[in-house]
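Asker: Structure file model.cif (mmCIF, C-alpha atoms and all ligand atoms) right here:
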```
data_structure
#
loop_
_atom_site.label_atom_id
_atom_site.label_comp_id
_atom_site.auth_asym_id
_atom_site.auth_seq_id
_atom_site.Cartn_x
_atom_site.Cartn_y
_atom_site.Cartn_z
CA MET A 1 121.04 -31.46 110.93
CA HIS A 2 118.81 -29.30 108.73
CA ARG A 3 115.15 -30.35 109.07
CA PRO A 4 112.76 -28.39 106.86
CA PRO A 5 109.05 -28.29 107.81
CA PHE A 6 106.52 -30.72 106.31
CA GLU A 7 106.15 -29.65 102.67
CA LEU A 8 102.35 -29.74 102.73
CA ASP A 9 102.34 -27.16 105.55
CA THR A 10 104.68 -24.94 103.56
CA LEU A 11 102.36 -25.21 100.55
CA GLY A 12 99.25 -24.48 102.65
CA GLN A 13 100.92 -21.38 104.10
CA LEU A 14 101.97 -20.17 100.65
CA ILE A 15 98.41 -20.56 99.35
CA ALA A 16 96.95 -18.69 102.35
CA ALA A 17 99.46 -15.84 102.08
CA HIS A 18 99.07 -15.32 98.32
CA GLU A 19 95.41 -16.10 97.75
CA SER A 20 94.88 -12.88 95.80
CA VAL A 21 97.38 -13.77 93.05
CA LEU A 22 97.14 -17.56 92.73
CA ARG A 23 94.34 -19.98 91.99
CA HIS A 24 94.29 -23.19 93.99
CA ARG A 25 92.19 -26.33 94.00
CA VAL A 26 92.04 -29.46 96.09
CA LEU A 27 92.35 -32.20 93.45
CA ALA A 28 91.72 -34.96 96.02
CA GLU A 29 91.40 -35.51 99.75
CA ILE A 30 93.75 -38.33 100.69
CA PRO A 31 92.69 -40.38 103.76
CA HIS A 32 95.23 -40.62 106.56
CA LEU A 33 94.37 -42.07 109.98
CA ASP A 34 91.21 -40.25 111.12
CA ARG A 35 91.53 -37.29 108.75
CA THR A 36 92.42 -36.39 105.17
CA LEU A 37 95.32 -34.50 103.62
CA PRO A 38 94.68 -32.24 100.60
CA LEU A 39 96.31 -32.83 97.23
CA TYR A 40 96.61 -29.26 95.97
CA SER A 41 97.11 -27.73 92.57
CA VAL A 42 98.13 -24.10 92.22
CA GLU A 43 98.02 -21.95 89.09
CA LEU A 44 99.40 -18.57 88.12
CA GLY A 45 99.02 -16.55 84.97
CA SER A 46 96.81 -16.79 81.92
CA GLN A 47 93.59 -18.81 81.91
CA SER A 48 93.17 -18.66 78.16
CA PRO A 49 92.68 -22.07 76.50
CA GLY A 50 94.89 -20.83 73.66
CA CYS A 51 97.97 -20.35 75.82
CA PRO A 52 100.90 -22.65 76.60
CA THR A 53 101.14 -24.27 80.03
CA VAL A 54 104.17 -25.28 82.08
CA LEU A 55 103.48 -27.75 84.89
CA PHE A 56 105.79 -28.40 87.84
CA VAL A 57 105.24 -31.58 89.85
CA GLY A 58 106.91 -32.86 93.02
CA GLY A 59 106.50 -35.36 95.79
CA VAL A 60 105.22 -38.35 93.78
CA HIS A 61 107.53 -40.47 95.93
CA GLY A 62 107.08 -39.49 99.55
CA VAL A 63 110.65 -40.11 100.60
CA GLU A 64 112.03 -37.81 97.90
CA ARG A 65 111.27 -34.61 99.79
CA ILE A 66 113.87 -32.61 97.89
CA GLY A 67 111.70 -32.86 94.74
CA SER A 68 108.82 -31.11 96.52
CA GLN A 69 111.20 -28.61 98.01
CA VAL A 70 112.65 -27.66 94.62
CA ILE A 71 109.14 -27.02 93.26
CA LEU A 72 108.07 -25.12 96.39
CA ALA A 73 111.23 -22.99 96.24
CA LEU A 74 110.33 -22.05 92.66
CA LEU A 75 106.73 -21.23 93.58
CA THR A 76 107.85 -19.14 96.59
CA SER A 77 110.32 -17.22 94.48
CA LEU A 78 107.73 -16.52 91.75
CA LEU A 79 105.15 -15.31 94.26
CA HIS A 80 107.62 -12.86 95.76
CA ARG A 81 108.92 -11.73 92.37
CA LEU A 82 105.35 -10.83 91.42
CA ASP A 83 105.67 -7.82 93.76
CA TRP A 84 108.19 -6.13 91.49
CA ASP A 85 109.23 -8.23 88.47
CA ARG A 86 107.68 -6.74 85.33
CA HIS A 87 109.22 -9.42 83.09
CA LEU A 88 107.46 -12.09 85.11
CA LYS A 89 104.14 -10.22 85.05
CA GLN A 90 104.44 -9.92 81.28
CA LEU A 91 105.26 -13.63 80.97
CA LEU A 92 102.17 -14.53 82.97
CA THR A 93 99.94 -12.68 80.50
CA GLY A 94 100.85 -15.32 77.92
CA VAL A 95 101.56 -18.47 79.93
CA ARG A 96 99.76 -20.59 82.51
CA LEU A 97 102.00 -21.95 85.26
CA ALA A 98 100.62 -24.95 87.11
CA PHE A 99 102.03 -26.65 90.19
CA VAL A 100 101.33 -29.90 92.00
CA PRO A 101 104.16 -29.75 94.54
CA VAL A 102 103.05 -32.57 96.87
CA VAL A 103 101.40 -35.37 94.88
CA ASN A 104 101.76 -37.92 97.69
CA PRO A 105 101.12 -36.09 100.97
CA VAL A 106 100.65 -39.22 103.10
CA GLY A 107 103.83 -40.83 101.78
CA MET A 108 105.70 -37.63 102.44
CA LEU A 109 104.37 -37.40 105.99
CA LYS A 110 105.36 -41.02 106.60
CA GLY A 111 108.68 -40.79 104.77
CA SER A 112 107.75 -43.67 102.47
CA ARG A 113 108.15 -44.00 98.71
CA GLY A 114 104.61 -45.30 98.23
CA ASN A 115 101.32 -43.75 99.31
CA GLY A 116 99.33 -44.71 102.43
CA ASN A 117 98.35 -48.00 100.78
CA GLY A 118 101.95 -48.86 99.97
CA VAL A 119 101.43 -48.21 96.25
CA ASP A 120 104.22 -46.67 94.18
CA LEU A 121 102.27 -44.00 92.28
CA MET A 122 104.81 -44.02 89.43
CA ARG A 123 103.99 -47.72 88.82
CA ASN A 124 100.25 -47.31 89.26
CA ALA A 125 98.96 -45.88 85.96
CA PRO A 126 96.95 -48.27 83.75
CA ILE A 127 99.67 -49.02 81.21
CA GLU A 128 101.78 -52.12 80.66
CA ALA A 129 105.36 -51.90 79.48
CA SER A 130 105.82 -53.37 76.02
CA ASP A 131 109.53 -54.00 76.54
CA ARG A 132 110.95 -56.36 79.15
CA VAL A 133 110.91 -54.49 82.44
CA THR A 134 113.52 -54.40 85.14
CA PHE A 135 112.93 -57.12 87.75
CA MET A 136 110.98 -55.74 90.75
CA VAL A 137 111.96 -52.11 90.02
CA GLY A 138 109.72 -52.27 86.96
CA GLY A 139 106.68 -52.70 89.21
CA GLN A 140 105.33 -55.70 91.09
CA ARG A 141 101.95 -56.97 92.28
CA LEU A 142 103.28 -59.34 94.96
CA SER A 143 102.95 -57.18 98.05
CA PRO A 144 102.47 -53.59 99.21
CA ARG A 145 105.17 -54.31 101.76
CA LEU A 146 107.76 -54.53 98.98
CA PRO A 147 108.82 -51.45 97.03
CA TRP A 148 107.52 -50.66 93.54
CA PHE A 149 104.06 -52.11 94.30
CA ARG A 150 101.65 -51.37 91.44
CA GLY A 151 98.44 -51.71 93.48
CA HIS A 152 95.54 -54.11 93.10
CA ASN A 153 92.61 -51.73 92.67
CA GLY A 154 93.20 -49.58 89.62
CA MET A 155 94.42 -46.05 90.03
CA GLU A 156 95.01 -44.74 93.53
CA PRO A 157 93.32 -41.40 94.29
CA GLU A 158 96.63 -39.53 93.98
CA THR A 159 97.39 -41.05 90.56
CA ALA A 160 93.85 -40.44 89.31
CA ALA A 161 93.92 -36.83 90.54
CA LEU A 162 97.21 -36.06 88.79
CA VAL A 163 96.11 -37.82 85.59
CA ASP A 164 92.78 -35.95 85.49
CA TYR A 165 94.46 -32.64 86.16
CA VAL A 166 97.07 -33.09 83.41
CA LYS A 167 94.31 -34.11 80.97
CA GLN A 168 92.42 -30.92 81.82
CA LEU A 169 95.56 -28.86 81.27
CA LEU A 170 96.19 -30.57 77.93
CA ALA A 171 92.63 -29.92 76.80
CA GLY A 172 92.90 -26.24 77.73
CA SER A 173 96.39 -25.34 76.47
CA SER A 174 98.14 -24.78 73.17
CA SER A 175 101.07 -26.87 74.49
CA LEU A 176 102.12 -28.50 77.75
CA MET A 177 105.62 -28.92 79.08
CA SER A 178 106.03 -30.50 82.50
CA LEU A 179 108.81 -31.20 84.96
CA ASP A 180 108.32 -33.90 87.61
CA ALA A 181 111.06 -33.65 90.24
CA HIS A 182 112.50 -36.84 91.78
CA SER A 183 115.74 -37.84 93.45
CA GLY A 184 117.71 -40.98 94.04
CA PHE A 185 119.11 -42.20 90.73
CA GLY A 186 122.81 -42.08 90.01
CA LEU A 187 125.59 -39.58 90.47
CA THR A 188 124.46 -36.83 88.12
CA ASP A 189 121.27 -34.95 87.36
CA HIS A 190 119.24 -36.69 84.70
CA ILE A 191 116.32 -35.39 82.71
CA TRP A 192 114.20 -38.18 81.36
CA PHE A 193 111.31 -38.21 78.97
CA PRO A 194 108.93 -41.10 78.19
CA PHE A 195 108.65 -43.85 77.48
CA ALA A 196 109.55 -45.74 80.62
CA GLY A 197 107.93 -48.94 79.38
CA ALA A 198 109.18 -49.13 75.80
CA HIS A 199 112.32 -48.07 73.98
CA LYS A 200 110.54 -46.14 71.25
CA PRO A 201 110.15 -42.42 70.55
CA ILE A 202 107.25 -40.34 71.88
CA PRO A 203 105.31 -38.25 69.34
CA ALA A 204 106.97 -35.06 70.62
CA VAL A 205 110.54 -36.38 70.45
CA GLY A 206 111.41 -33.83 67.74
CA HIS A 207 110.40 -31.05 70.12
CA VAL A 208 112.56 -32.61 72.85
CA TYR A 209 115.55 -32.61 70.51
CA ARG A 210 114.97 -28.96 69.51
CA LEU A 211 114.71 -27.90 73.17
CA LYS A 212 117.97 -29.72 73.92
CA ARG A 213 119.78 -27.78 71.18
CA VAL A 214 118.28 -24.45 72.26
CA PHE A 215 119.19 -25.07 75.92
CA GLU A 216 122.77 -26.06 75.09
CA ALA A 217 123.25 -22.99 72.90
CA SER A 218 121.58 -20.59 75.34
CA TYR A 219 123.08 -21.93 78.60
CA PRO A 220 126.34 -23.63 77.61
CA HIS A 221 127.57 -23.76 81.21
CA HIS A 222 124.51 -25.55 82.54
CA GLY A 223 125.18 -28.79 80.74
CA HIS A 224 125.18 -30.91 83.89
CA TYR A 225 122.00 -32.64 82.80
CA GLY A 226 121.94 -35.95 81.02
CA LEU A 227 118.87 -35.85 78.75
CA ALA A 228 117.56 -39.18 77.48
CA PRO A 229 114.50 -41.41 77.29
CA GLN A 230 113.88 -43.17 80.60
CA SER A 231 113.95 -46.51 78.80
CA ARG A 232 117.71 -46.06 78.39
CA PHE A 233 118.09 -46.57 82.17
CA TYR A 234 115.36 -48.94 83.29
CA ARG A 235 111.94 -50.00 82.14
CA THR A 236 108.77 -49.93 84.22
CA HIS A 237 105.06 -50.65 84.08
CA GLY A 238 102.49 -48.09 85.10
CA ASP A 239 104.43 -44.88 84.51
CA ILE A 240 102.06 -41.90 84.78
CA TRP A 241 103.76 -39.91 82.02
CA ASP A 242 103.79 -42.91 79.67
CA TYR A 243 100.08 -43.26 80.25
CA LEU A 244 99.39 -39.57 79.64
CA VAL A 245 101.47 -39.46 76.45
CA THR A 246 99.75 -42.60 75.16
CA SER A 247 96.24 -41.36 75.92
CA HIS A 248 96.82 -37.82 74.57
CA SER A 249 95.08 -37.53 71.22
CA GLY A 250 94.84 -33.74 70.91
CA ALA A 251 96.95 -31.50 68.73
CA ALA A 252 98.72 -29.67 71.56
CA PRO A 253 102.39 -30.70 71.77
CA PHE A 254 103.01 -32.49 75.09
CA VAL A 255 106.55 -32.73 76.44
CA PRO A 256 106.80 -34.29 79.91
CA PHE A 257 110.19 -34.27 81.61
CA THR A 258 111.27 -36.02 84.78
CA LEU A 259 114.11 -34.46 86.72
CA GLU A 260 116.04 -37.16 88.56
CA MET A 261 118.42 -35.40 90.91
CA GLY A 262 121.55 -37.48 91.37
CA SER A 263 121.49 -38.00 95.11
CA TRP A 264 124.22 -40.66 95.10
CA ALA A 265 126.66 -37.76 94.74
CA TRP A 266 125.40 -36.34 98.02
CA ILE A 267 126.07 -39.71 99.66
CA LYS A 268 129.57 -39.87 98.21
CA LYS A 269 130.28 -36.55 99.86
CA ASN A 270 128.55 -37.51 103.10
CA PRO A 271 128.69 -41.31 103.47
CA ARG A 272 126.87 -41.27 106.80
CA GLN A 273 123.69 -40.70 104.81
CA VAL A 274 123.52 -44.37 103.92
CA PHE A 275 122.56 -45.08 107.53
CA ASN A 276 119.51 -42.89 107.10
CA PHE A 277 116.85 -43.97 104.60
CA ALA A 278 115.60 -40.42 103.94
CA GLY A 279 119.21 -39.30 103.59
CA PHE A 280 119.60 -41.59 100.62
CA PHE A 281 117.19 -39.37 98.69
CA ASN A 282 117.73 -35.97 100.27
CA PRO A 283 120.74 -33.76 100.93
CA GLN A 284 121.41 -33.54 104.66
CA LYS A 285 123.85 -30.66 104.94
CA THR A 286 122.48 -27.11 104.90
CA HIS A 287 124.91 -25.76 102.31
CA ARG A 288 124.20 -28.69 100.02
CA HIS A 289 120.47 -28.24 100.51
CA HIS A 290 120.63 -24.58 99.43
CA ARG A 291 122.80 -25.48 96.46
CA ILE A 292 120.30 -28.05 95.26
CA LEU A 293 117.34 -25.71 95.74
CA ARG A 294 119.00 -23.16 93.43
CA ARG A 295 120.66 -25.62 91.04
CA HIS A 296 117.63 -26.01 88.78
CA THR A 297 116.33 -22.44 88.64
CA VAL A 298 117.91 -21.80 85.22
CA LEU A 299 116.23 -24.91 83.81
CA MET A 300 112.83 -24.03 85.25
CA GLN A 301 113.00 -20.40 84.11
CA PHE A 302 114.10 -21.67 80.67
CA MET A 303 110.96 -23.79 80.44
CA MET A 304 108.77 -20.80 81.33
CA ASP A 305 110.56 -18.54 78.85
CA LEU A 306 110.25 -21.18 76.12
CA ALA A 307 106.52 -21.39 76.74
CA TYR A 308 106.21 -17.60 76.55
CA ALA A 309 108.13 -17.70 73.26
CA ARG A 310 105.71 -20.42 72.09
CA ALA A 311 108.64 -22.62 71.21
CA LEU A 312 106.44 -25.71 70.80
CA GLU A 313 103.73 -24.04 68.73
CA GLY A 314 103.88 -23.52 65.01
CA VAL A 315 107.19 -25.28 64.33
CA PRO A 316 107.29 -25.91 60.55
CA ALA A 317 106.56 -29.56 59.79
CA SER A 318 109.77 -29.97 57.78
CA GLU A 319 111.88 -28.65 60.66
CA LEU A 320 110.13 -30.92 63.13
CA ALA A 321 110.61 -33.92 60.85
CA LEU A 322 114.33 -33.22 60.66
CA ALA A 323 114.57 -32.84 64.44
CA THR A 324 112.70 -36.12 64.87
CA GLU A 325 115.21 -37.91 62.61
CA GLU A 326 118.11 -36.45 64.61
CA ALA A 327 116.42 -37.48 67.87
CA ILE A 328 115.97 -41.05 66.70
CA ARG A 329 119.59 -41.23 65.59
CA LEU A 330 120.78 -39.87 68.94
CA TRP A 331 118.58 -41.80 71.35
CA TYR A 332 117.20 -44.88 69.61
CA SER A 333 119.81 -46.15 67.20
CA ARG A 334 121.16 -48.51 69.83
CA GLY A 335 119.08 -50.67 72.12
CA PRO A 336 117.93 -49.82 75.61
CA GLY A 337 120.58 -49.70 78.28
CA PRO A 338 121.21 -52.36 80.89
CA ALA A 339 118.39 -53.07 83.30
CA VAL A 340 119.70 -51.30 86.38
CA GLY A 341 118.39 -48.59 88.65
CA THR A 342 116.17 -47.80 91.57
ZN ZN B 1 111.07 -40.83 92.47
#
```
Could you render the structure from this file as structure tokens?
Ligand SMILES: [Zn+2]
Answerer:
Amino acid sequence: MHRPPFELDTLGQLIAAHESVLRHRVLAEIPHLDRTLPLYSVELGSQSPGCPTVLFVGGVHGVERIGSQVILALLTSLLHRLDWDRHLKQLLTGVRLAFVPVVNPVGMLKGSRGNGNGVDLMRNAPIEASDRVTFMVGGQRLSPRLPWFRGHNGMEPETAALVDYVKQLLAGSSSLMSLDAHSGFGLTDHIWFPFAGAHKPIPAVGHVYRLKRVFEASYPHHGHYGLAPQSRFYRTHGDIWDYLVTSHSGAAPFVPFTLEMGSWAWIKKNPRQVFNFAGFFNPQKTHRHHRILRRHTVLMQFMMDLAYARALEGVPASELALATEEAIRLWYSRGPGPAVGT
């Protein structure tokens, strides 16, 4: 069986080996046993406050290691391309790339969804769903021993660190597009955007619709993604991206995406994975692992290229209004979907 190294070690080694070209910070030190584990951010490219930013996030749920691995594979590839790739160097003169590949290092070390306190970080932000949430899955305050625990003490250090960092990026960018990589829901790859707690459009929904059309026209053979508001699938309290969208008052367009890799397909092909909790969320066969690590490179490069093209900046108001109408017709004209999911 293919067993990759602990993702935080991989990230630490990448930072050490490429210190001259990347900027890294420790956003928080997360206690674990008698030591702490660092919650790193890494940045490449422009530091100008007037430039667009693309943020890649992984490892919010510790058991979903493949999410971290997809982000780390991207970062590794970019760092090596910097040796020779003049397109990439040019792109980085006009774009900031930010990475938080391992948001929940303790959960990842332990192989648990929640952090060291048993809190599900994606249910832990200070925001209540306004629509009826999915029972249990929507977040619960009964016990940290049950999944989807929201926590009792406000934001956990990991949640607070990610929230603060995204707010800093928003304040210092002309636009922010993010991709938060998860696995475990359904048979196909989904891309979700907020809200998770209400079936209503986010302010940037017109941008989301425009990006969908541009992606479909530019990469017609990469249409394996289902793009929709998360509320179409299940509703939750405490979603970090809901909270960030709601608290963002600046002018910079903010488009947060969640990539939910459809790991049930990996189980269908390899049913023995159901006997292995981590296998439920991660591909176990080497060939499948490689395929998944490369499966999203077009999408991630597309996001970077869009930012370089300033696709979110300066869209004429009339065009954005039209796109918003189309988006509402497409995604909100019928009610939220059935309350199912993980
Ligand atoms: Zn997840």
Asker: Write out as a VMD selection string the residues lying within 9 Å of stretch 292-307 of chain A, counting all atoms listed in the file and excluding same-chain residues fewer than 6 positions away.
Answerer: chain A and resid 51 to 54 56 66 69 to 71 73 to 74 91 94 to 97 175 to 179 211 215 219 222 261 283 313
Asker: Restricting it to C-alpha atoms, dump the selection as a PDB file, in the frame of the given file.
Answerer:
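Dumped everything to again-v2.pdb:
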```pdb
ATOM      1  CA  CYS A  51      97.970 -20.350  75.820  1.00  0.00           C
ATOM      2  CA  PRO A  52     100.900 -22.650  76.600  1.00  0.00           C
ATOM      3  CA  THR A  53     101.140 -24.270  80.030  1.00  0.00           C
ATOM      4  CA  VAL A  54     104.170 -25.280  82.080  1.00  0.00           C
ATOM      5  CA  PHE A  56     105.790 -28.400  87.840  1.00  0.00           C
ATOM      6  CA  ILE A  66     113.870 -32.610  97.890  1.00  0.00           C
ATOM      7  CA  GLN A  69     111.200 -28.610  98.010  1.00  0.00           C
ATOM      8  CA  VAL A  70     112.650 -27.660  94.620  1.00  0.00           C
ATOM      9  CA  ILE A  71     109.140 -27.020  93.260  1.00  0.00           C
ATOM     10  CA  ALA A  73     111.230 -22.990  96.240  1.00  0.00           C
ATOM     11  CA  LEU A  74     110.330 -22.050  92.660  1.00  0.00           C
ATOM     12  CA  LEU A  91     105.260 -13.630  80.970  1.00  0.00           C
ATOM     13  CA  GLY A  94     100.850 -15.320  77.920  1.00  0.00           C
ATOM     14  CA  VAL A  95     101.560 -18.470  79.930  1.00  0.00           C
ATOM     15  CA  ARG A  96      99.760 -20.590  82.510  1.00  0.00           C
ATOM     16  CA  LEU A  97     102.000 -21.950  85.260  1.00  0.00           C
ATOM     17  CA  SER A 175     101.070 -26.870  74.490  1.00  0.00           C
ATOM     18  CA  LEU A 176     102.120 -28.500  77.750  1.00  0.00           C
ATOM     19  CA  MET A 177     105.620 -28.920  79.080  1.00  0.00           C
ATOM     20  CA  SER A 178     106.030 -30.500  82.500  1.00  0.00           C
ATOM     21  CA  LEU A 179     108.810 -31.200  84.960  1.00  0.00           C
ATOM     22  CA  LEU A 211     114.710 -27.900  73.170  1.00  0.00           C
ATOM     23  CA  PHE A 215     119.190 -25.070  75.920  1.00  0.00           C
ATOM     24  CA  TYR A 219     123.080 -21.930  78.600  1.00  0.00           C
ATOM     25  CA  HIS A 222     124.510 -25.550  82.540  1.00  0.00           C
ATOM     26  CA  MET A 261     118.420 -35.400  90.910  1.00  0.00           C
ATOM     27  CA  PRO A 283     120.740 -33.760 100.930  1.00  0.00           C
ATOM     28  CA  GLU A 313     103.730 -24.040  68.730  1.00  0.00           C
TER      29      GLU A 313
END
```
Asker: Have a look at A:Leu227, A:Val119, A:Met155, A:Val245 and name the one nearest to A:Leu142; count all atoms listed in the file.
Answerer: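 Of A:Leu227, A:Val119, A:Met155, A:Val245, the one nearest A:Leu142 is A:Val119, counting all atoms listed in the file.
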Asker: Show which residues sit within 10 Å of A:Glu7, as a ChimeraX atom specification. Count all atoms listed in the file, and ignore same-chain residues fewer than 4 positions away.
Answerer: /A:11-13,59,65-66,68-69,72,101-102,105,108-109
Asker: Select, from A:His61, A:His80, A:His224, A:Arg25, the residue with the minimum atom-to-atom distance to ligand ZN 1 (chain B), counting all atoms listed in the file.
Answerer: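 Using all atoms listed in the file, the shortest distance to ligand ZN 1 (chain B) belongs to A:His61.
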Asker: Tell me, in Å to one decimal, how far atom CA of A:Val100 is from atom CA of A:Glu156.
Answerer: 16.2 Å
Asker: Which residues of chain A come within 10 Å of ligand ZN 1 (chain B), and for each one, what is the closest pair of atoms and their distance in Å to one decimal, counting all atoms listed in the file, sorted by chain and residue number, as CSV?
Answerer:
```
residue,atom,partner,partner_atom,distance
A:Gly58,CA,B:ZN1,ZN,9.0
A:Gly59,CA,B:ZN1,ZN,7.9
A:Val60,CA,B:ZN1,ZN,6.5
A:His61,CA,B:ZN1,ZN,5.0
A:Gly62,CA,B:ZN1,ZN,8.2
A:Val63,CA,B:ZN1,ZN,8.2
A:Glu64,CA,B:ZN1,ZN,6.3
A:Arg65,CA,B:ZN1,ZN,9.6
A:Gly67,CA,B:ZN1,ZN,8.3
A:Arg113,CA,B:ZN1,ZN,7.6
A:Gly114,CA,B:ZN1,ZN,9.7
A:Asp120,CA,B:ZN1,ZN,9.2
A:Leu121,CA,B:ZN1,ZN,9.4
A:Met122,CA,B:ZN1,ZN,7.7
A:Asp180,CA,B:ZN1,ZN,8.9
A:Ala181,CA,B:ZN1,ZN,7.5
A:His182,CA,B:ZN1,ZN,4.3
A:Ser183,CA,B:ZN1,ZN,5.6
A:Gly184,CA,B:ZN1,ZN,6.8
A:Phe185,CA,B:ZN1,ZN,8.3
A:Thr258,CA,B:ZN1,ZN,9.1
A:Leu259,CA,B:ZN1,ZN,9.1
A:Glu260,CA,B:ZN1,ZN,7.3
A:Met261,CA,B:ZN1,ZN,9.3
A:Phe281,CA,B:ZN1,ZN,8.8
A:Thr342,CA,B:ZN1,ZN,8.7
```
Asker: What's the 12 Å shell around A:His248, counting only C-alpha atoms, without same-chain residues fewer than 4 positions away, as JSON, numbers by chain?
Answerer: {"A": [163, 164, 166, 167, 168, 169, 170, 171, 175, 176, 202, 203, 204, 241, 242, 243, 244, 252, 253, 254, 255, 256]}
Asker: Kindly provide, as lines of an AutoDock Vina configuration file, the centre and edge lengths (Å, one decimal) of an axis-aligned box around all atoms of stretch 224-241 of chain A given in the file, with 8 Å on each side.
Answerer:
```
center_x = 113.6
center_y = -40.8
center_z = 81.2
size_x = 39.1
size_y = 35.7
size_z = 23.8
```
Asker: Tell me, as an MDAnalysis selection string, which residues lie within 6 Å of A:Phe193, counting all atoms listed in the file; anything in the same chain fewer than 4 positions away does not count.
Answerer: chainID A and resid 229:230 257
Asker: What does the structure give for the distance between atom CA of A:Gln284 and atom CA of A:Trp264, in Å to one decimal?
Answerer: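 So the two atoms, atom CA of A:Gln284 and atom CA of A:Trp264, lie 12.2 Å apart.
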Asker: Of the candidates A:Arg210, A:Leu44, A:Val26, A:Pro220, which one gets nearest to A:Leu88 if we count all atoms listed in the file?
Answerer: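 Nearest candidate to A:Leu88 out of A:Arg210, A:Leu44, A:Val26, A:Pro220: A:Leu44.
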Asker: For A:Asn124, list every protein, DNA or RNA residue within 8 Å, evaluated using all atoms listed in the file, and leave out those in the same chain fewer than 6 positions away; present the list as a list of chain:residue names.
Answerer: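 Counting only the stated atoms, we get A:Phe149, A:Arg150, A:Gly151, A:Gly154, A:Met155, A:Glu156, A:Thr159, A:His237, A:Gly238, A:Asp239, A:Ile240.
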Asker: Take the residues that were just selected and, keeping C-alpha atoms, output them as a CSV table (one decimal), in the frame of the given file.
Answerer:
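See selection-v6.csv below for the written result:
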```
chain,number,residue,atom,x,y,z
A,149,PHE,CA,104.1,-52.1,94.3
A,150,ARG,CA,101.6,-51.4,91.4
A,151,GLY,CA,98.4,-51.7,93.5
A,154,GLY,CA,93.2,-49.6,89.6
A,155,MET,CA,94.4,-46.0,90.0
A,156,GLU,CA,95.0,-44.7,93.5
A,159,THR,CA,97.4,-41.0,90.6
A,237,HIS,CA,105.1,-50.6,84.1
A,238,GLY,CA,102.5,-48.1,85.1
A,239,ASP,CA,104.4,-44.9,84.5
A,240,ILE,CA,102.1,-41.9,84.8
```
Asker: Enter the distance from atom CA of A:Ser130 to atom CA of A:Arg334, in Å, rounded to one decimal.
Answerer: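 Spanning atom CA of A:Ser130 to atom CA of A:Arg334 is a straight-line distance of 17.2 Å.
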Asker: With distances taken over all atoms listed in the file, which of A:Tyr234, A:Ser112, A:Gly107, A:His87 is nearest to A:Ala278?
Answerer: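 The closest residue to A:Ala278 is A:Ser112.
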Asker: Could you check the closest approach to A:Lys200 for each of A:Leu33, A:Ala327, A:Val315, A:Leu79 and tell me which residue wins, using all atoms listed in the file?
Answerer: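 Closest to A:Lys200, using all atoms listed in the file: A:Ala327.
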Asker: Have a look at A:Ser77, A:Gly206, A:Ala17, A:Gly250 and name the one nearest to A:Leu330; count all atoms listed in the file.
Answerer: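 Nearest candidate to A:Leu330 out of A:Ser77, A:Gly206, A:Ala17, A:Gly250: A:Gly206.
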